[in-house]
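Participant: The following block contains the structure, expressed as structure tokens.
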Amino acid sequence: MSRTLIVANWKMHLNTSQASLLLHRLHERIKIHRNIEVVLAPSMLVLQPLSMQIDRRKFRLAAQNAYHKDEGAFTGEVSFTMLQDLVHYVIVGHSERRLYFHETDEIVRDKVTAAVRNNITPIICVGETQQERRAGETRQVLHDQVVSALANLTSQDVENVVIAYEPIWAISTFGGELAKPDDVKKALDFIRLQVSSLYGKKVAERIRVLYGGSVDDHIVSGYLAVEGCDGVLVGSASLNYHKFSGIVDAAYRLRHQEDDEDGNK
Ligand code: 13P
């Protein structure tokens, strides 16, 4: 079984000293667990100083975005190549980037390709808007986003990427309605089915799929317990050390339970 992945997306919050303080508090609260991987995605500016402070046995770093060209005259951009030694992951195609910065499926595909080319694992965000959901287009949207994002990758590459299902209507930025774990299960199953039909069953079993709608320490277990859910991509709750360490604790408890059950079989 793969490690549960808990990703803190700090979005455009926390300057260097605020981020450093939060990391310090998280470090005190979060224990090392062989089955849990905790990833922090601070702003671009904070990545470098945080990388000096971080205990690599406990945390990994992710960027929230990068540009798909490796280098050149692209004022204001940072490439995946530049991030190579700094981060394990890059979040690609987050709904805020798709909606506010007009990132199309093609741009997301180019970024996923660039991430893999530079040995960085992309966390690819997919998900439908409220309007698409109401029109019954969820599957079509997920299909198109998944197929396009993975288009330039080999099956071996696909095995190692992470897909985050973010129903846009269930993100606090866009309304934050609570998704039902049953609906999340259907979407995660559908994403795996797409991967299976394109790259085979083995790849679909290995790929990690996260839930990326709003969660906090109280409700996260409901999503983590969904079969096929390999973790969560957390927004606002990740800015609060109490809530975020509570989320990691919830993941610990579930994995311990599973380990115990496996041990008793
Ligand atoms: P919230 O947890 O703030 O709703 O955001 C979720 C999200 O966008 C994760 O990337």
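Labels used: A, B, ... for chains in the order of the structure tokens, numbers from 1 for residues in each chain, and numbers from 1 for ligands as shown.
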Name the residues in contact with Gln194 in chain A at a cut-off of 8 Å, using only C-alpha atoms, excluding same-chain residues fewer than 2 positions from it; report them as a PyMOL selection string.
Facilitator: chain A and resi 143+146-147+190-192+196-198
Participant: Store the residues picked out above in a file with all heavy atoms, as a tab-separated table (two decimals), in the first residue's frame.
Facilitator:
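As a result, again.tsv now contains:
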```
chain	number	residue	atom	x	y	z
A	143	HIS	N	-12.67	13.36	-17.34
A	143	HIS	CA	-12.08	12.61	-18.44
A	143	HIS	C	-11.15	13.51	-19.25
A	143	HIS	O	-9.98	13.20	-19.49
A	143	HIS	CB	-13.18	12.02	-19.34
A	143	HIS	CG	-12.66	11.47	-20.62
A	143	HIS	ND1	-12.54	12.24	-21.77
A	143	HIS	CD2	-12.17	10.25	-20.94
A	143	HIS	CE1	-12.01	11.51	-22.74
A	143	HIS	NE2	-11.78	10.30	-22.27
A	146	VAL	N	-8.00	14.69	-17.25
A	146	VAL	CA	-7.03	13.61	-16.97
A	146	VAL	C	-6.31	13.20	-18.26
A	146	VAL	O	-5.08	13.14	-18.32
A	146	VAL	CB	-7.72	12.39	-16.32
A	146	VAL	CG1	-6.79	11.19	-16.28
A	146	VAL	CG2	-8.20	12.74	-14.91
A	147	VAL	N	-7.08	12.97	-19.32
A	147	VAL	CA	-6.49	12.51	-20.59
A	147	VAL	C	-5.48	13.54	-21.08
A	147	VAL	O	-4.35	13.20	-21.46
A	147	VAL	CB	-7.59	12.27	-21.66
A	147	VAL	CG1	-6.98	12.02	-23.03
A	147	VAL	CG2	-8.47	11.11	-21.25
A	190	PHE	N	-13.69	6.98	-10.85
A	190	PHE	CA	-13.76	7.33	-12.27
A	190	PHE	C	-12.37	7.76	-12.79
A	190	PHE	O	-11.96	7.37	-13.89
A	190	PHE	CB	-14.79	8.45	-12.48
A	190	PHE	CG	-14.95	8.81	-13.92
A	190	PHE	CD1	-15.63	7.97	-14.80
A	190	PHE	CD2	-14.39	9.98	-14.43
A	190	PHE	CE1	-15.75	8.27	-16.15
A	190	PHE	CE2	-14.52	10.29	-15.78
A	190	PHE	CZ	-15.20	9.45	-16.64
A	191	ILE	N	-11.65	8.53	-11.98
A	191	ILE	CA	-10.30	8.96	-12.38
A	191	ILE	C	-9.41	7.73	-12.59
A	191	ILE	O	-8.71	7.59	-13.60
A	191	ILE	CB	-9.69	9.91	-11.32
A	191	ILE	CG1	-10.43	11.25	-11.36
A	191	ILE	CG2	-8.19	10.09	-11.52
A	191	ILE	CD1	-10.13	12.19	-10.20
A	192	ARG	N	-9.47	6.77	-11.66
A	192	ARG	CA	-8.66	5.55	-11.78
A	192	ARG	C	-9.06	4.75	-13.02
A	192	ARG	O	-8.21	4.16	-13.69
A	192	ARG	CB	-8.79	4.68	-10.54
A	192	ARG	CG	-7.89	5.05	-9.44
A	192	ARG	CD	-7.29	3.83	-8.71
A	192	ARG	NE	-6.16	4.29	-7.92
A	192	ARG	CZ	-6.27	5.02	-6.82
A	192	ARG	NH1	-7.44	5.36	-6.35
A	192	ARG	NH2	-5.18	5.41	-6.17
A	196	SER	N	-6.74	3.59	-15.94
A	196	SER	CA	-6.66	2.17	-16.28
A	196	SER	C	-6.90	1.95	-17.77
A	196	SER	O	-6.17	1.19	-18.42
A	196	SER	CB	-7.69	1.41	-15.44
A	196	SER	OG	-7.69	0.07	-15.77
A	197	SER	N	-7.89	2.64	-18.33
A	197	SER	CA	-8.17	2.39	-19.73
A	197	SER	C	-7.07	2.95	-20.64
A	197	SER	O	-6.84	2.44	-21.73
A	197	SER	CB	-9.56	2.91	-20.13
A	197	SER	OG	-9.59	4.28	-20.00
A	198	LEU	N	-6.35	3.96	-20.16
A	198	LEU	CA	-5.28	4.52	-20.99
A	198	LEU	C	-3.94	3.83	-20.77
A	198	LEU	O	-3.16	3.64	-21.71
A	198	LEU	CB	-5.09	6.00	-20.65
A	198	LEU	CG	-6.18	6.96	-21.09
A	198	LEU	CD1	-6.05	8.29	-20.37
A	198	LEU	CD2	-6.10	7.19	-22.59
```
Participant: May I have a table of the residues of chain A lying at most 8 Å from ligand 1, giving each one's closest pair of atoms and their distance in Å to one decimal, counting only C-alpha atoms and all ligand atoms, ordered by chain and ascending residue number, as CSV?
Facilitator:
```
residue,atom,partner,partner_atom_place_in_ligand_line,distance
A:Ala8,CA,ligand 1,10 (O),7.7
A:Asn9,CA,ligand 1,10 (O),5.3
A:Lys11,CA,ligand 1,10 (O),7.7
A:His94,CA,ligand 1,10 (O),6.7
A:Ser95,CA,ligand 1,8 (O),7.3
A:Glu96,CA,ligand 1,8 (O),7.5
A:Glu166,CA,ligand 1,7 (C),7.2
A:Ala170,CA,ligand 1,4 (O),6.6
A:Ile171,CA,ligand 1,4 (O),3.7
A:Ser172,CA,ligand 1,4 (O),3.7
A:Thr173,CA,ligand 1,4 (O),6.2
A:Gly176,CA,ligand 1,4 (O),5.9
A:Gly212,CA,ligand 1,9 (C),5.0
A:Gly213,CA,ligand 1,6 (C),4.9
A:Ser214,CA,ligand 1,4 (O),3.5
A:Val215,CA,ligand 1,2 (O),5.5
A:Asp216,CA,ligand 1,2 (O),7.4
A:Leu233,CA,ligand 1,9 (C),4.9
A:Val234,CA,ligand 1,9 (C),4.5
A:Gly235,CA,ligand 1,2 (O),3.3
A:Ser236,CA,ligand 1,3 (O),3.8
A:Ala237,CA,ligand 1,2 (O),5.9
A:Ser238,CA,ligand 1,2 (O),7.6
```
Participant: Kindly export the residues of the current selection with C-alpha atoms, as an mmCIF file, in the first residue's frame.
Facilitator:
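Final file, result-v7.cif:
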```
data_model
loop_
_atom_site.group_PDB
_atom_site.id
_atom_site.type_symbol
_atom_site.label_atom_id
_atom_site.label_comp_id
_atom_site.auth_asym_id
_atom_site.auth_seq_id
_atom_site.Cartn_x
_atom_site.Cartn_y
_atom_site.Cartn_z
ATOM 1 C CA ALA A 8 -0.404 21.686 2.807
ATOM 2 C CA ASN A 9 -1.182 24.248 0.122
ATOM 3 C CA LYS A 11 -1.469 29.481 -1.311
ATOM 4 C CA HIS A 94 -4.929 24.109 -9.293
ATOM 5 C CA SER A 95 -8.456 25.461 -9.892
ATOM 6 C CA GLU A 96 -7.374 28.940 -8.777
ATOM 7 C CA GLU A 166 -10.741 19.072 -6.364
ATOM 8 C CA ALA A 170 -16.096 22.256 -2.515
ATOM 9 C CA ILE A 171 -13.124 24.650 -2.182
ATOM 10 C CA SER A 172 -13.565 27.506 0.296
ATOM 11 C CA THR A 173 -12.378 30.038 -2.331
ATOM 12 C CA GLY A 176 -16.857 25.575 0.013
ATOM 13 C CA GLY A 212 -8.527 18.282 -2.696
ATOM 14 C CA GLY A 213 -11.826 19.833 -1.587
ATOM 15 C CA SER A 214 -12.121 21.648 1.725
ATOM 16 C CA VAL A 215 -11.241 19.573 4.791
ATOM 17 C CA ASP A 216 -10.343 20.258 8.392
ATOM 18 C CA LEU A 233 -4.576 18.429 -0.511
ATOM 19 C CA VAL A 234 -5.400 20.911 2.238
ATOM 20 C CA GLY A 235 -5.962 24.664 1.819
ATOM 21 C CA SER A 236 -6.959 27.007 4.646
ATOM 22 C CA ALA A 237 -6.762 24.398 7.422
ATOM 23 C CA SER A 238 -3.064 23.915 6.597
#
```
Participant: Any idea what's packed within 7 Å of range 16-25 of chain A, counting only C-alpha atoms, ignoring anything in its chain fewer than 3 positions away? Could you give it as a list in words?
Facilitator: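 The residues that qualify are Glu28, Arg29, Val46, Leu50 and Tyr241 of chain A.
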Participant: Dump all heavy atoms for the selected residues as a PDB file, in the first residue's frame?
Facilitator:
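New file again.pdb:
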```pdb
ATOM      1  N   GLU A  28       7.175  20.453  16.031  1.00  0.00           N
ATOM      2  CA  GLU A  28       6.954  19.994  17.421  1.00  0.00           C
ATOM      3  C   GLU A  28       5.814  18.985  17.509  1.00  0.00           C
ATOM      4  O   GLU A  28       5.833  18.084  18.321  1.00  0.00           O
ATOM      5  CB  GLU A  28       6.593  21.197  18.311  1.00  0.00           C
ATOM      6  CG  GLU A  28       7.767  22.063  18.639  1.00  0.00           C
ATOM      7  CD  GLU A  28       7.334  23.318  19.403  1.00  0.00           C
ATOM      8  OE1 GLU A  28       6.132  23.646  19.436  1.00  0.00           O
ATOM      9  OE2 GLU A  28       8.216  23.965  19.952  1.00  0.00           O
ATOM     10  N   ARG A  29       4.793  19.187  16.681  1.00  0.00           N
ATOM     11  CA  ARG A  29       3.573  18.384  16.801  1.00  0.00           C
ATOM     12  C   ARG A  29       3.579  17.099  15.974  1.00  0.00           C
ATOM     13  O   ARG A  29       2.939  16.116  16.326  1.00  0.00           O
ATOM     14  CB  ARG A  29       2.364  19.223  16.336  1.00  0.00           C
ATOM     15  CG  ARG A  29       2.054  20.405  17.230  1.00  0.00           C
ATOM     16  CD  ARG A  29       1.362  19.952  18.504  1.00  0.00           C
ATOM     17  NE  ARG A  29       0.053  19.384  18.221  1.00  0.00           N
ATOM     18  CZ  ARG A  29      -1.084  20.004  18.437  1.00  0.00           C
ATOM     19  NH1 ARG A  29      -1.097  21.216  18.930  1.00  0.00           N
ATOM     20  NH2 ARG A  29      -2.230  19.413  18.166  1.00  0.00           N
ATOM     21  N   VAL A  46       9.383  31.577  -0.281  1.00  0.00           N
ATOM     22  CA  VAL A  46       9.680  30.976   1.018  1.00  0.00           C
ATOM     23  C   VAL A  46      10.342  29.594   0.869  1.00  0.00           C
ATOM     24  O   VAL A  46      10.922  29.067   1.807  1.00  0.00           O
ATOM     25  CB  VAL A  46       8.348  30.905   1.830  1.00  0.00           C
ATOM     26  CG1 VAL A  46       8.490  30.105   3.087  1.00  0.00           C
ATOM     27  CG2 VAL A  46       7.849  32.306   2.154  1.00  0.00           C
ATOM     28  N   LEU A  50      12.880  27.918   3.738  1.00  0.00           N
ATOM     29  CA  LEU A  50      12.265  26.793   4.448  1.00  0.00           C
ATOM     30  C   LEU A  50      13.072  25.507   4.239  1.00  0.00           C
ATOM     31  O   LEU A  50      13.172  24.669   5.138  1.00  0.00           O
ATOM     32  CB  LEU A  50      10.824  26.600   3.948  1.00  0.00           C
ATOM     33  CG  LEU A  50       9.785  26.350   5.031  1.00  0.00           C
ATOM     34  CD1 LEU A  50       9.716  27.504   6.004  1.00  0.00           C
ATOM     35  CD2 LEU A  50       8.410  26.120   4.410  1.00  0.00           C
ATOM     36  N   TYR A 241      -1.600  25.426  12.726  1.00  0.00           N
ATOM     37  CA  TYR A 241      -0.816  24.233  13.098  1.00  0.00           C
ATOM     38  C   TYR A 241      -1.649  23.214  13.843  1.00  0.00           C
ATOM     39  O   TYR A 241      -1.449  22.004  13.726  1.00  0.00           O
ATOM     40  CB  TYR A 241       0.445  24.612  13.890  1.00  0.00           C
ATOM     41  CG  TYR A 241       0.225  24.973  15.330  1.00  0.00           C
ATOM     42  CD1 TYR A 241       0.374  24.012  16.320  1.00  0.00           C
ATOM     43  CD2 TYR A 241      -0.106  26.267  15.698  1.00  0.00           C
ATOM     44  CE1 TYR A 241       0.174  24.342  17.652  1.00  0.00           C
ATOM     45  CE2 TYR A 241      -0.306  26.605  17.019  1.00  0.00           C
ATOM     46  CZ  TYR A 241      -0.175  25.633  17.988  1.00  0.00           C
ATOM     47  OH  TYR A 241      -0.371  25.956  19.295  1.00  0.00           O
TER      48      TYR A 241
END
```
Participant: If you measure from CA of Arg139 in chain A to CA of Ile120 in chain A, what distance in Å do you get, rounded to one decimal?
Facilitator: 27.9 Å
Participant: Determine which residues of range 73-265 of chain A DSSP labels as strand (DSSP E or B) from the backbone of this structure, then write them out as a list of chain:residue names.
Facilitator: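 Of range 73-265 of chain A, the ones in strand (DSSP E or B) are A:Ser79, A:Tyr89, A:Val90, A:Ile91, A:Val92, A:Thr121, A:Pro122, A:Ile123, A:Ile124, A:Cys125, A:Val126, A:Val162, A:Ile163, A:Ala164, A:Tyr165, A:Arg208, A:Val209, A:Leu210, A:Tyr211, A:Gly231, A:Val232, A:Leu233, A:Val234.
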Participant: Please return, as number ranges by chain, all residues of range 1-135 of chain A that DSSP assigns to alpha helix (DSSP H) on the basis of the backbone.
Facilitator: A: 16-29, 44-53, 80-83, 95-100, 105-117, 130-134
Participant: Tell me which protein, DNA and RNA residues are within 10 Å of Ile54 in chain A, counting only C-alpha atoms, leaving out same-chain ones fewer than 2 positions away, and put them as a ChimeraX atom specification.
Facilitator: /A:20,23-24,27,40,49-52,56-61
Participant: Could you check the closest approach to Lys180 in chain A for each of A:Ile207, A:Asp157, A:Gly200, A:Val220 and tell me which residue wins, using only C-alpha atoms?
Facilitator: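 Of A:Ile207, A:Asp157, A:Gly200, A:Val220, the one nearest Lys180 in chain A is A:Val220, counting only C-alpha atoms.
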Participant: For Asn118 in chain A, please output as an NGL selection string all residues within 9 Å (counting only C-alpha atoms; exclusion window: fewer than 4 positions along the same chain).
Facilitator: :A and (70 or 80-81 or 83-84 or 113-114)
Participant: For Gly231 in chain A, which of A:Thr104, A:Val38, A:Ser148, A:Val203 is the closest residue, counting only C-alpha atoms?
Facilitator: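 Residue with the minimum atom-to-atom distance to Gly231 in chain A: A:Val38.
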Participant: I'd like the neighbourhood of Ala62 in chain A as a PyMOL selection string, where a residue qualifies if any of its atoms comes within 6 Å (using only C-alpha atoms), though same-chain residues fewer than 3 positions away should be ignored.
Facilitator: chain A and resi 40-41+87-90
Participant: Write the residues of the preceding selection, restricted to N, CA, C and O atoms, as an mmCIF file, in the first residue's frame.
Facilitator:
```cif
data_model
loop_
_atom_site.group_PDB
_atom_site.id
_atom_site.type_symbol
_atom_site.label_atom_id
_atom_site.label_comp_id
_atom_site.auth_asym_id
_atom_site.auth_seq_id
_atom_site.Cartn_x
_atom_site.Cartn_y
_atom_site.Cartn_z
ATOM 1 N N LEU A 40 4.783 20.234 2.339
ATOM 2 C CA LEU A 40 4.416 21.640 2.523
ATOM 3 C C LEU A 40 4.631 22.396 1.219
ATOM 4 O O LEU A 40 5.707 22.296 0.611
ATOM 5 N N ALA A 41 3.616 23.161 0.817
ATOM 6 C CA ALA A 41 3.729 23.962 -0.413
ATOM 7 C C ALA A 41 3.598 25.445 -0.060
ATOM 8 O O ALA A 41 2.501 26.008 -0.081
ATOM 9 N N VAL A 87 12.535 20.977 -4.457
ATOM 10 C CA VAL A 87 11.213 20.394 -4.163
ATOM 11 C C VAL A 87 11.084 18.968 -4.710
ATOM 12 O O VAL A 87 11.741 18.602 -5.680
ATOM 13 N N HIS A 88 10.221 18.193 -4.053
ATOM 14 C CA HIS A 88 9.866 16.868 -4.564
ATOM 15 C C HIS A 88 8.671 16.952 -5.503
ATOM 16 O O HIS A 88 8.493 16.134 -6.387
ATOM 17 N N TYR A 89 7.778 17.903 -5.179
ATOM 18 C CA TYR A 89 6.489 17.990 -5.878
ATOM 19 C C TYR A 89 6.252 19.400 -6.402
ATOM 20 O O TYR A 89 6.786 20.371 -5.854
ATOM 21 N N VAL A 90 5.402 19.489 -7.434
ATOM 22 C CA VAL A 90 4.835 20.790 -7.829
ATOM 23 C C VAL A 90 3.337 20.594 -8.051
ATOM 24 O O VAL A 90 2.929 19.620 -8.705
#
```
Participant: Please provide the set of residues having any atom within 9 Å of Gln156 in chain A, restricted to only C-alpha atoms, with same-chain residues fewer than 3 positions apart removed, written as a list in words.
Facilitator: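 My reading of the contact set: Leu153, Glu159, Asn160, Tyr199 and Val203 of chain A.
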Participant: For each of A:Asp105, A:Glu128, A:Asp110, A:Glu37, take the minimum atom-to-atom distance to Ser2 in chain A, counting only C-alpha atoms, then give the residue where this is smallest.
Facilitator: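 Under the stated criterion, the closest residue is A:Glu37.
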Participant: In Å, rounded to a single decimal, give me how far CA of Val184 in chain A is from CA of Gln64 in chain A.
Facilitator: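 Distance reported for this atom pair: 23.2 Å.
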Participant: What is the CA of Asn152 in chain A to CA of Val112 in chain A distance in Å?
Facilitator: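 So the two atoms, CA of Asn152 in chain A and CA of Val112 in chain A, lie 8.4 Å apart.
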